[in-house]
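**Student:** I have a structure I would like to understand better, so I am pasting it below and will then ask my questions one at a time.
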Amino acid sequence: MGPPEDGWVRAVDRWLPRLLPVNLPLRTCLGCRRSVARDELVRLAWVEPDAQVVLDPGFRLGGRGCYLHPGCAAEVIRRRTVGRALRRPVDPGQVAELLATLS
Ligand SMILES: [Zn+2]
């Protein structure tokens, strides 16, 4: 048995998720920087073997990823923020092509 604070932390860990909508994980949009439910966003993932960015609509791919509103695609292309977000040598042209399929 630990000190009383541990009991509190455990109780909060157990109860807080029931009070918050944990089924909607929040992610930040790369275009407008707003934090919204992940389901509103599109995920881009860096695929290491191919060394390129792909769309990850089902949020299934592992590896580094970033999120954006489909409507923020133009802003993301213009500001070239994907490479910075993924910390990978992203080809802006390839990202533009990929995001063009969203609209
Ligand atoms: Zn956005």
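Scheme for the structure tokens: letters A, B, ... for chains in order shown; per-chain residue numbers from 1; ligand numbers from 1 in order shown.
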Select from chain A everything DSSP, run on the backbone, classes as helix (DSSP H, G or I), then give the selection as number ranges by chain.
**Tutor:** A: 4-19, 38-40, 70-79, 82-86, 92-100
**Student:** Please write the residues from the selection above to a file, keeping C-alpha atoms, as a PDB file, in the first residue's frame.
**Tutor:**
```
ATOM      1  CA  PRO A   4      -2.526   8.330   0.411  1.00  0.00           C
ATOM      2  CA  GLU A   5      -1.741  10.520  -2.646  1.00  0.00           C
ATOM      3  CA  ASP A   6      -1.268   7.378  -4.723  1.00  0.00           C
ATOM      4  CA  GLY A   7      -4.793   6.351  -3.871  1.00  0.00           C
ATOM      5  CA  TRP A   8      -6.047   9.720  -5.081  1.00  0.00           C
ATOM      6  CA  VAL A   9      -4.142   9.491  -8.332  1.00  0.00           C
ATOM      7  CA  ARG A  10      -5.521   6.028  -8.947  1.00  0.00           C
ATOM      8  CA  ALA A  11      -9.063   7.198  -8.205  1.00  0.00           C
ATOM      9  CA  VAL A  12      -8.726  10.141 -10.611  1.00  0.00           C
ATOM     10  CA  ASP A  13      -7.216   7.878 -13.268  1.00  0.00           C
ATOM     11  CA  ARG A  14     -10.192   5.593 -12.897  1.00  0.00           C
ATOM     12  CA  TRP A  15     -12.941   8.209 -12.835  1.00  0.00           C
ATOM     13  CA  LEU A  16     -11.734  11.040 -15.048  1.00  0.00           C
ATOM     14  CA  PRO A  17     -11.948   9.055 -18.288  1.00  0.00           C
ATOM     15  CA  ARG A  18     -15.625   8.387 -17.530  1.00  0.00           C
ATOM     16  CA  LEU A  19     -16.312  12.125 -17.296  1.00  0.00           C
ATOM     17  CA  ARG A  38      -9.405  13.004 -34.371  1.00  0.00           C
ATOM     18  CA  ASP A  39     -12.318  11.800 -36.478  1.00  0.00           C
ATOM     19  CA  GLU A  40     -12.685  15.273 -38.012  1.00  0.00           C
ATOM     20  CA  PRO A  70      -9.404  18.246 -45.413  1.00  0.00           C
ATOM     21  CA  GLY A  71     -10.382  21.914 -45.747  1.00  0.00           C
ATOM     22  CA  CYS A  72      -7.014  23.023 -44.373  1.00  0.00           C
ATOM     23  CA  ALA A  73      -5.084  21.125 -47.056  1.00  0.00           C
ATOM     24  CA  ALA A  74      -4.307  24.262 -49.068  1.00  0.00           C
ATOM     25  CA  GLU A  75      -2.904  25.992 -45.995  1.00  0.00           C
ATOM     26  CA  VAL A  76      -0.776  22.950 -45.125  1.00  0.00           C
ATOM     27  CA  ILE A  77       0.572  22.781 -48.683  1.00  0.00           C
ATOM     28  CA  ARG A  78       1.323  26.487 -48.717  1.00  0.00           C
ATOM     29  CA  ARG A  79       3.136  26.523 -45.392  1.00  0.00           C
ATOM     30  CA  VAL A  82       4.222  18.385 -42.979  1.00  0.00           C
ATOM     31  CA  GLY A  83       7.973  17.866 -43.096  1.00  0.00           C
ATOM     32  CA  ARG A  84       8.412  19.773 -39.866  1.00  0.00           C
ATOM     33  CA  ALA A  85       5.617  17.851 -38.161  1.00  0.00           C
ATOM     34  CA  LEU A  86       6.939  14.478 -39.235  1.00  0.00           C
ATOM     35  CA  PRO A  92       6.384  19.174 -50.691  1.00  0.00           C
ATOM     36  CA  GLY A  93       5.353  18.291 -54.231  1.00  0.00           C
ATOM     37  CA  GLN A  94       4.348  14.798 -53.214  1.00  0.00           C
ATOM     38  CA  VAL A  95       2.389  16.158 -50.224  1.00  0.00           C
ATOM     39  CA  ALA A  96       0.597  18.606 -52.508  1.00  0.00           C
ATOM     40  CA  GLU A  97      -0.360  15.764 -54.871  1.00  0.00           C
ATOM     41  CA  LEU A  98      -1.576  13.655 -51.996  1.00  0.00           C
ATOM     42  CA  LEU A  99      -3.639  16.405 -50.413  1.00  0.00           C
ATOM     43  CA  ALA A 100      -5.105  17.420 -53.742  1.00  0.00           C
TER      44      ALA A 100
END
```
**Student:** Extract, using only C-alpha atoms, all DNA, RNA and protein residues at most 9 Å from A:Leu68, discarding same-chain residues fewer than 6 positions from it, and format them as a PyMOL selection string.
**Tutor:** chain A and resi 27-33+40-44+76
**Student:** For a test of reading the model, state the distance in Å between atom CA of A:Arg34 and atom CA of A:Gln52, rounded to one decimal.
**Tutor:**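 Atom-to-atom, atom CA of A:Arg34 and atom CA of A:Gln52 are spaced 25.3 Å apart.
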**Student:** So which bits of chain A end up strand (DSSP E) when you DSSP the backbone, as a ChimeraX atom specification?
**Tutor:** /A:26-28,35-37,42-47,52-55,65-68
**Student:** Go through A:Ser35, A:Leu26, A:Arg87, A:Cys66 one by one, measure the shortest atom-to-atom distance of each to ligand 1 using only C-alpha atoms and all ligand atoms, and give the residue with the smallest value.
**Tutor:** A:Ser35
**Student:** From the set A:Ala45, A:Leu102, A:Pro57, A:Gly63, which residue has the shortest atom-to-atom contact distance to A:Val90, counting only C-alpha atoms?
**Tutor:**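 Of A:Ala45, A:Leu102, A:Pro57, A:Gly63, the one nearest A:Val90 is A:Ala45, counting only C-alpha atoms.
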**Student:** In Å to one decimal, how far is atom CA of A:Pro89 from atom CA of A:Gly62?
**Tutor:** 17.7 Å
**Student:** Taking only C-alpha atoms and all ligand atoms into account, name the residue in A:His69, A:Gly58, A:Pro49, A:Arg64 that is nearest to ligand 1.
**Tutor:**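 Distance minimum relative to ligand 1 lands on A:His69.
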**Student:** How far is it from atom CA of A:Glu48 to atom CA of A:Arg88, in Å with one decimal?
**Tutor:**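 We find that atom CA of A:Glu48 and atom CA of A:Arg88 lie 9.5 Å from each other.
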**Student:** When distances are computed from only C-alpha atoms and all ligand atoms, which of A:Leu24, A:Val47, A:Tyr67, A:Leu61 shows the smallest separation from ligand 1?
**Tutor:**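 Of all the options, A:Tyr67 lies closest to ligand 1.
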